[in-house]
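For reference, protein_10.pdb (PDB, C-alpha atoms):
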ATOM      1  CA  MET E  56      24.881  -4.495  -3.428  1.00  0.00           C
ATOM      2  CA  ASP E  57      21.514  -6.264  -3.489  1.00  0.00           C
ATOM      3  CA  ILE E  58      19.993  -3.793  -1.031  1.00  0.00           C
ATOM      4  CA  LEU E  59      21.148  -0.903  -3.229  1.00  0.00           C
ATOM      5  CA  LEU E  60      19.568  -2.168  -6.443  1.00  0.00           C
ATOM      6  CA  ASP E  61      16.495  -3.489  -4.664  1.00  0.00           C
ATOM      7  CA  LEU E  62      15.929  -0.098  -3.051  1.00  0.00           C
ATOM      8  CA  LEU E  63      16.564   1.891  -6.230  1.00  0.00           C
ATOM      9  CA  ASN E  64      14.261  -0.442  -8.165  1.00  0.00           C
ATOM     10  CA  SER E  65      11.452  -0.445  -5.583  1.00  0.00           C
ATOM     11  CA  ARG E  66       9.527   2.193  -7.552  1.00  0.00           C
ATOM     12  CA  PRO E  67       9.203   0.923 -11.131  1.00  0.00           C
ATOM     13  CA  LEU E  68       6.794   1.860 -13.883  1.00  0.00           C
ATOM     14  CA  VAL E  69       4.566  -1.069 -14.831  1.00  0.00           C
ATOM     15  CA  ASN E  70       2.492  -0.490 -17.954  1.00  0.00           C
ATOM     16  CA  GLY E  71       3.066   3.238 -17.523  1.00  0.00           C
ATOM     17  CA  GLU E  72       1.828   3.241 -13.922  1.00  0.00           C
ATOM     18  CA  GLU E  73       4.117   3.804 -10.947  1.00  0.00           C
ATOM     19  CA  GLN E  74       4.367   0.974  -8.444  1.00  0.00           C
ATOM     20  CA  ASP E  75       5.966   1.752  -5.089  1.00  0.00           C
ATOM     21  CA  ALA E  76       6.885  -1.164  -2.856  1.00  0.00           C
ATOM     22  CA  LEU E  77       7.388   1.213   0.086  1.00  0.00           C
ATOM     23  CA  ARG E  78       4.255   3.387  -0.182  1.00  0.00           C
ATOM     24  CA  ASP E  79       1.705   1.072   1.426  1.00  0.00           C
ATOM     25  CA  PRO E  80       2.697   0.389   5.059  1.00  0.00           C
ATOM     26  CA  ALA E  81       1.858  -3.335   4.880  1.00  0.00           C
ATOM     27  CA  GLU E  82       3.700  -3.852   1.594  1.00  0.00           C
ATOM     28  CA  GLY E  83       6.593  -1.687   2.787  1.00  0.00           C
ATOM     29  CA  ARG E  84       6.827  -3.620   6.044  1.00  0.00           C
ATOM     30  CA  ARG E  85       7.038  -6.851   4.043  1.00  0.00           C
ATOM     31  CA  TRP E  86       9.745  -5.385   1.762  1.00  0.00           C
ATOM     32  CA  ALA E  87      11.790  -4.147   4.733  1.00  0.00           C
ATOM     33  CA  ARG E  88      11.506  -7.449   6.613  1.00  0.00           C
ATOM     34  CA  GLU E  89      12.577  -9.385   3.517  1.00  0.00           C
ATOM     35  CA  HIS E  90      15.717  -7.241   3.526  1.00  0.00           C
ATOM     36  CA  GLY E  91      16.414  -7.693   7.238  1.00  0.00           C
ATOM     37  CA  GLY E  92      14.666  -4.601   8.597  1.00  0.00           C
ATOM     38  CA  ASP E  93      11.910  -4.234  11.140  1.00  0.00           C
ATOM     39  CA  GLY E  94       9.376  -2.522   8.876  1.00  0.00           C
ATOM     40  CA  SER E  95       8.663   0.354  11.251  1.00  0.00           C
ATOM     41  CA  LEU E  96       7.089   3.517   9.870  1.00  0.00           C
ATOM     42  CA  ALA E  97      10.293   5.429  10.690  1.00  0.00           C
ATOM     43  CA  GLU E  98      12.330   2.874   8.750  1.00  0.00           C
ATOM     44  CA  LEU E  99      10.002   3.065   5.731  1.00  0.00           C
ATOM     45  CA  ALA E 100      10.088   6.876   5.688  1.00  0.00           C
ATOM     46  CA  LEU E 101      13.889   6.854   5.795  1.00  0.00           C
ATOM     47  CA  LEU E 102      14.070   4.185   3.080  1.00  0.00           C
ATOM     48  CA  ARG E 103      11.850   6.292   0.786  1.00  0.00           C
ATOM     49  CA  GLU E 104      14.016   9.352   1.416  1.00  0.00           C
ATOM     50  CA  THR E 105      17.217   7.372   0.855  1.00  0.00           C
ATOM     51  CA  ARG E 106      15.858   5.875  -2.364  1.00  0.00           C
ATOM     52  CA  ASP E 107      15.017   9.313  -3.749  1.00  0.00           C
ATOM     53  CA  VAL E 108      18.383  10.831  -2.827  1.00  0.00           C
ATOM     54  CA  LEU E 109      20.298   7.825  -4.216  1.00  0.00           C
ATOM     55  CA  ARG E 110      18.247   7.989  -7.422  1.00  0.00           C
ATOM     56  CA  ASP E 111      19.167  11.646  -7.901  1.00  0.00           C
ATOM     57  CA  VAL E 112      22.852  11.007  -7.137  1.00  0.00           C
ATOM     58  CA  VAL E 113      23.096   8.042  -9.524  1.00  0.00           C
ATOM     59  CA  ARG E 114      21.351  10.008 -12.295  1.00  0.00           C
ATOM     60  CA  GLY E 115      23.708  12.932 -11.725  1.00  0.00           C
ATOM     61  CA  ASP E 116      20.923  15.304 -10.658  1.00  0.00           C
ATOM     62  CA  SER E 117      22.465  15.720  -7.181  1.00  0.00           C
ATOM     63  CA  ALA E 118      26.023  15.671  -5.862  1.00  0.00           C
ATOM     64  CA  PRO E 119      27.095  12.751  -3.656  1.00  0.00           C
ATOM     65  CA  ALA E 120      27.225  15.206  -0.729  1.00  0.00           C
ATOM     66  CA  ALA E 121      23.402  14.986  -0.697  1.00  0.00           C
ATOM     67  CA  LEU E 122      23.856  11.586   0.985  1.00  0.00           C
ATOM     68  CA  SER E 123      25.680  13.074   4.010  1.00  0.00           C
ATOM     69  CA  PRO E 124      22.560  13.742   6.137  1.00  0.00           C
ATOM     70  CA  LEU E 125      21.613  10.066   5.795  1.00  0.00           C
ATOM     71  CA  LEU E 126      24.829   9.090   7.579  1.00  0.00           C
ATOM     72  CA  GLU E 127      24.487  11.363  10.613  1.00  0.00           C
ATOM     73  CA  GLY E 128      24.917   9.436  13.848  1.00  0.00           C
ATOM     74  CA  VAL E 129      26.527   6.454  12.078  1.00  0.00           C
ATOM     75  CA  HIS E 130      29.805   5.134  13.492  1.00  0.00           C
ATOM     76  CA  GLN E 131      32.258   2.428  12.534  1.00  0.00           C
ATOM     77  CA  VAL E 132      33.644   0.543  15.496  1.00  0.00           C
ATOM     78  CA  PRO E 133      36.652  -1.792  15.287  1.00  0.00           C
ATOM     79  CA  GLU E 134      36.266  -5.218  16.857  1.00  0.00           C
ATOM     80  CA  ILE E 135      38.923  -7.855  17.342  1.00  0.00           C
ATOM     81  CA  THR E 136      37.632 -11.340  16.521  1.00  0.00           C
ATOM     82  CA  SER E 137      39.303 -14.724  16.159  1.00  0.00           C
ATOM     83  CA  ASP E 138      39.582 -13.937  12.435  1.00  0.00           C
ATOM     84  CA  GLY E 139      41.276 -10.561  13.003  1.00  0.00           C
ATOM     85  CA  LEU E 140      40.043  -6.992  12.848  1.00  0.00           C
ATOM     86  CA  ARG E 141      36.473  -6.367  11.754  1.00  0.00           C
ATOM     87  CA  TRP E 142      34.692  -3.031  11.405  1.00  0.00           C
ATOM     88  CA  THR E 143      31.091  -2.897  12.605  1.00  0.00           C
ATOM     89  CA  VAL E 144      28.688  -0.151  11.587  1.00  0.00           C
ATOM     90  CA  ARG E 145      26.637   1.244  14.470  1.00  0.00           C
ATOM     91  CA  THR E 146      23.453   3.080  13.595  1.00  0.00           C
ATOM     92  CA  PRO E 147      19.973   3.558  15.030  1.00  0.00           C
ATOM     93  CA  PRO E 148      17.927   0.404  14.269  1.00  0.00           C
ATOM     94  CA  HIS E 149      15.415   2.169  12.007  1.00  0.00           C
ATOM     95  CA  ALA E 150      18.294   3.550   9.880  1.00  0.00           C
ATOM     96  CA  ARG E 151      20.242   0.319   9.339  1.00  0.00           C
ATOM     97  CA  LEU E 152      18.803  -0.614   5.909  1.00  0.00           C
ATOM     98  CA  ALA E 153      19.106   2.940   4.600  1.00  0.00           C
ATOM     99  CA  VAL E 154      22.718   3.146   5.804  1.00  0.00           C
ATOM    100  CA  GLU E 155      23.478  -0.234   4.219  1.00  0.00           C
ATOM    101  CA  ALA E 156      22.142   1.079   0.892  1.00  0.00           C
ATOM    102  CA  VAL E 157      24.303   4.213   1.087  1.00  0.00           C
ATOM    103  CA  LEU E 158      27.366   2.137   2.015  1.00  0.00           C
ATOM    104  CA  ALA E 159      26.621  -0.231  -0.893  1.00  0.00           C
ATOM    105  CA  TRP E 160      26.486   2.801  -3.205  1.00  0.00           C
ATOM    106  CA  ALA E 161      29.879   3.980  -1.888  1.00  0.00           C
ATOM    107  CA  ASP E 162      31.303   0.484  -2.380  1.00  0.00           C
ATOM    108  CA  ALA E 163      29.975   0.341  -5.946  1.00  0.00           C
ATOM    109  CA  GLU E 164      31.455   3.765  -6.704  1.00  0.00           C
ATOM    110  CA  GLU E 165      34.812   2.651  -5.360  1.00  0.00           C
ATOM    111  CA  ARG E 166      35.011  -0.863  -6.799  1.00  0.00           C
ATOM    112  CA  LEU E 167      32.900  -0.439  -9.955  1.00  0.00           C
ATOM    113  CA  PRO E 168      33.032   3.266 -10.842  1.00  0.00           C
ATOM    114  CA  GLY E 169      30.518   4.337 -13.455  1.00  0.00           C
ATOM    115  CA  ARG E 170      28.793   0.966 -13.577  1.00  0.00           C
ATOM    116  CA  LEU E 171      25.715   1.822 -11.519  1.00  0.00           C
ATOM    117  CA  ARG E 172      23.374   3.623 -13.896  1.00  0.00           C
ATOM    118  CA  PRO E 173      19.757   4.122 -14.890  1.00  0.00           C
ATOM    119  CA  CYS E 174      18.283   1.971 -17.640  1.00  0.00           C
ATOM    120  CA  ALA E 175      18.702   3.582 -21.077  1.00  0.00           C
ATOM    121  CA  ASN E 176      14.980   3.079 -21.785  1.00  0.00           C
ATOM    122  CA  ASP E 177      13.370   6.466 -21.100  1.00  0.00           C
ATOM    123  CA  ALA E 178      10.088   4.752 -20.172  1.00  0.00           C
ATOM    124  CA  CYS E 179      11.817   2.684 -17.475  1.00  0.00           C
ATOM    125  CA  ARG E 180      12.786   3.806 -13.975  1.00  0.00           C
ATOM    126  CA  LEU E 181      14.976   0.857 -13.080  1.00  0.00           C
ATOM    127  CA  PHE E 182      18.710   0.886 -12.448  1.00  0.00           C
ATOM    128  CA  LEU E 183      21.415  -1.618 -13.302  1.00  0.00           C
ATOM    129  CA  LEU E 184      24.869  -2.485 -12.069  1.00  0.00           C
ATOM    130  CA  ASP E 185      26.923  -3.321 -15.127  1.00  0.00           C
ATOM    131  CA  ARG E 186      29.218  -6.212 -14.334  1.00  0.00           C
ATOM    132  CA  SER E 187      30.125  -6.894 -17.966  1.00  0.00           C
ATOM    133  CA  ARG E 188      33.738  -6.788 -19.032  1.00  0.00           C
ATOM    134  CA  ALA E 189      33.153  -4.109 -21.668  1.00  0.00           C
ATOM    135  CA  ASN E 190      31.024  -1.894 -19.364  1.00  0.00           C
ATOM    136  CA  ARG E 191      28.499  -1.375 -22.145  1.00  0.00           C
ATOM    137  CA  ALA E 192      25.255  -2.662 -20.602  1.00  0.00           C
ATOM    138  CA  ARG E 193      22.458  -0.170 -21.234  1.00  0.00           C
ATOM    139  CA  TRP E 194      19.249  -1.831 -20.118  1.00  0.00           C
ATOM    140  CA  CYS E 195      17.987  -3.162 -16.816  1.00  0.00           C
ATOM    141  CA  SER E 196      16.822  -6.239 -18.715  1.00  0.00           C
ATOM    142  CA  MET E 197      17.810  -7.259 -22.205  1.00  0.00           C
ATOM    143  CA  ALA E 198      14.633  -9.347 -22.436  1.00  0.00           C
ATOM    144  CA  VAL E 199      12.368  -6.390 -21.672  1.00  0.00           C
ATOM    145  CA  CYS E 200      13.893  -2.959 -22.225  1.00  0.00           C
ATOM    146  CA  GLY E 201      16.675  -4.011 -24.597  1.00  0.00           C
ATOM    147  CA  ASN E 202      14.316  -6.008 -26.781  1.00  0.00           C
ATOM    148  CA  ARG E 203      11.797  -3.149 -26.943  1.00  0.00           C
ATOM    149  CA  GLU E 204      14.490  -0.671 -27.963  1.00  0.00           C
ATOM    150  CA  LYS E 205      15.857  -2.981 -30.652  1.00  0.00           C
ATOM    151  CA  ALA E 206      12.353  -3.628 -31.979  1.00  0.00           C
ATOM    152  CA  ARG E 207      11.649   0.127 -32.043  1.00  0.00           C
ATOM    153  CA  ARG E 208      14.866   0.845 -33.969  1.00  0.00           C
ATOM    154  CA  HIS E 209      14.151  -1.987 -36.392  1.00  0.00           C
ATOM    155  CA  TYR E 210      10.652  -0.646 -37.000  1.00  0.00           C
ATOM    156  CA  GLU E 211      12.023   2.852 -37.663  1.00  0.00           C
ATOM    157  CA  ARG E 212      14.617   1.509 -40.138  1.00  0.00           C
ATOM    158  CA  THR E 213      12.092  -0.572 -42.079  1.00  0.00           C
ATOM    159  CA  ARG E 214       9.330   2.019 -42.096  1.00  0.00           C
TER     160      ARG E 214
END

Go ahead and express the file in the form of structure tokens.
Amino acid sequence: MDILLDLLNSRPLVNGEEQDALRDPAEGRRWAREHGGDGSLAELALLRETRDVLRDVVRGDSAPAALSPLLEGVHQVPEITSDGLRWTVRTPPHARLAVEAVLAWADAEERLPGRLRPCANDACRLFLLDRSRANRARWCSMAVCGNREKARRHYERTR
């Protein structure tokens, strides 16, 4: 799930200005390598595309079927190991991280339906995976976005 949130959150707004960890080839290469990729230009282009499609799907702006083209040429192969049956995903090397992100999204939808969501702060572009028991988390960070929203509401009430 880390790759999913890290990818979705790789394009935040910082002081109202967009930061994109995958835009600059050197910075993108570093990001991809930190996540187990090779940092090739093809990998970075596919990661940017995957991030944008996932963002739209999670926000509800696109149907999950929009992810289908990202999985073309991907196969699951069964392997017998000393521990039993294991399924291995086979994909072109430059697509591995993007495919892992899509598979993490599918896993989150299956195991934690409705818990992957955008931050409730309209000025924030980050996403969160709500693991709370009540499923009521609204902000990517209570210390940042949650605190700002509470301060804004308090100011409006006391004004």

Q: Using CA of Arg186 in chain E and CA of Glu155 in chain E as the two end points, give the distance in Å to one decimal.
A: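 Distance between the two atoms: 20.3 Å.
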
Q. Quick one: which residues end up in the PyMOL selection byres ((chain E and resi 112-121) around 9) for this structure, as a PyMOL selection string?
A. chain E and resi 107-111+122-125+160+171-173+182

Any chance you could resolve the PyMOL selection byres ((chain E and resi 146) around 9) against this file and give the residues as a compact mmCIF listing (two decimals) with C-alpha atoms, in the coordinates of the input?
# COMPACT_ATOMS: atom_id res chain seq x y z
CA LEU E 126 24.83 9.09 7.58
CA GLU E 127 24.49 11.36 10.61
CA GLY E 128 24.92 9.44 13.85
CA VAL E 129 26.53 6.45 12.08
CA HIS E 130 29.80 5.13 13.49
CA GLN E 131 32.26 2.43 12.53
CA VAL E 144 28.69 -0.15 11.59
CA ARG E 145 26.64 1.24 14.47
CA PRO E 147 19.97 3.56 15.03
CA PRO E 148 17.93 0.40 14.27
CA HIS E 149 15.42 2.17 12.01
CA ALA E 150 18.29 3.55 9.88
CA ARG E 151 20.24 0.32 9.34
CA VAL E 154 22.72 3.15 5.80

Q: Enter the distance from CA of Leu99 in chain E to CA of Ala153 in chain E, in Å, rounded to one decimal.
A: 9.2 Å

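Taking CA of Glu72 in chain E as the reference point, CA of Ala163 in chain E is found at 29.4 Å.
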
**Q.** Nearest-residue call for Leu167 in chain E, choices E:Asp185, E:Pro67, E:Leu140, E:Leu152, using only C-alpha atoms
**A.**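 Looking at the shortest contact to Leu167 in chain E, the residue is E:Asp185.
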
Applied to this file, what does the PyMOL selection byres ((chain E and resi 189-191) around 12) return in terms of residues, put as a compact mmCIF listing (two decimals) with C-alpha atoms, in the coordinates of the input?
# COMPACT_ATOMS: atom_id res chain seq x y z
CA LEU E 167 32.90 -0.44 -9.96
CA PRO E 168 33.03 3.27 -10.84
CA GLY E 169 30.52 4.34 -13.46
CA ARG E 170 28.79 0.97 -13.58
CA LEU E 171 25.72 1.82 -11.52
CA ARG E 172 23.37 3.62 -13.90
CA CYS E 174 18.28 1.97 -17.64
CA ALA E 175 18.70 3.58 -21.08
CA LEU E 183 21.42 -1.62 -13.30
CA LEU E 184 24.87 -2.48 -12.07
CA ASP E 185 26.92 -3.32 -15.13
CA ARG E 186 29.22 -6.21 -14.33
CA SER E 187 30.12 -6.89 -17.97
CA ARG E 188 33.74 -6.79 -19.03
CA ALA E 192 25.26 -2.66 -20.60
CA ARG E 193 22.46 -0.17 -21.23
CA TRP E 194 19.25 -1.83 -20.12
CA CYS E 195 17.99 -3.16 -16.82

Where's the centre, and what are the edge lengths in Å to one decimal, of a box along x, y and z enclosing all listed atoms of range 170-177 of chain E padded 8 Å per side, as JSON?
{"center_x": 21.1, "center_y": 3.7, "center_z": -16.7, "size_x": 31.4, "size_y": 21.5, "size_z": 26.3}

Q. Using all atoms listed in the file, which of E:Leu68, E:Asp57, E:Gly139, E:Ala100 sits nearest Cys200 in chain E?
A.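 Checking each candidate against Cys200 in chain E, we get E:Leu68 as the closest.
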
Q) From the list E:Ala81, E:Leu63, E:Met56, E:Ala156, which residue is nearest Leu181 in chain E when using only C-alpha atoms? A) E:Leu63

(Q) Using all atoms listed in the file, which protein or nucleic acid residues come within 12 Å of Val69 in chain E? Drop anything in the same chain fewer than 2 positions from it, and give the result as a list in words. (A)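 Those residues are Asn64, Ser65, Arg66, Pro67, Gly71, Glu72, Glu73, Gln74, Asp75, Ala178, Cys179, Arg180, Leu181 and Val199 of chain E.
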
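For the choices E:Thr143, E:Ala159, E:Thr105, E:Gly83, the atom-to-atom distance to Leu59 in chain E is smallest for E:Ala159 when using all atoms listed in the file.
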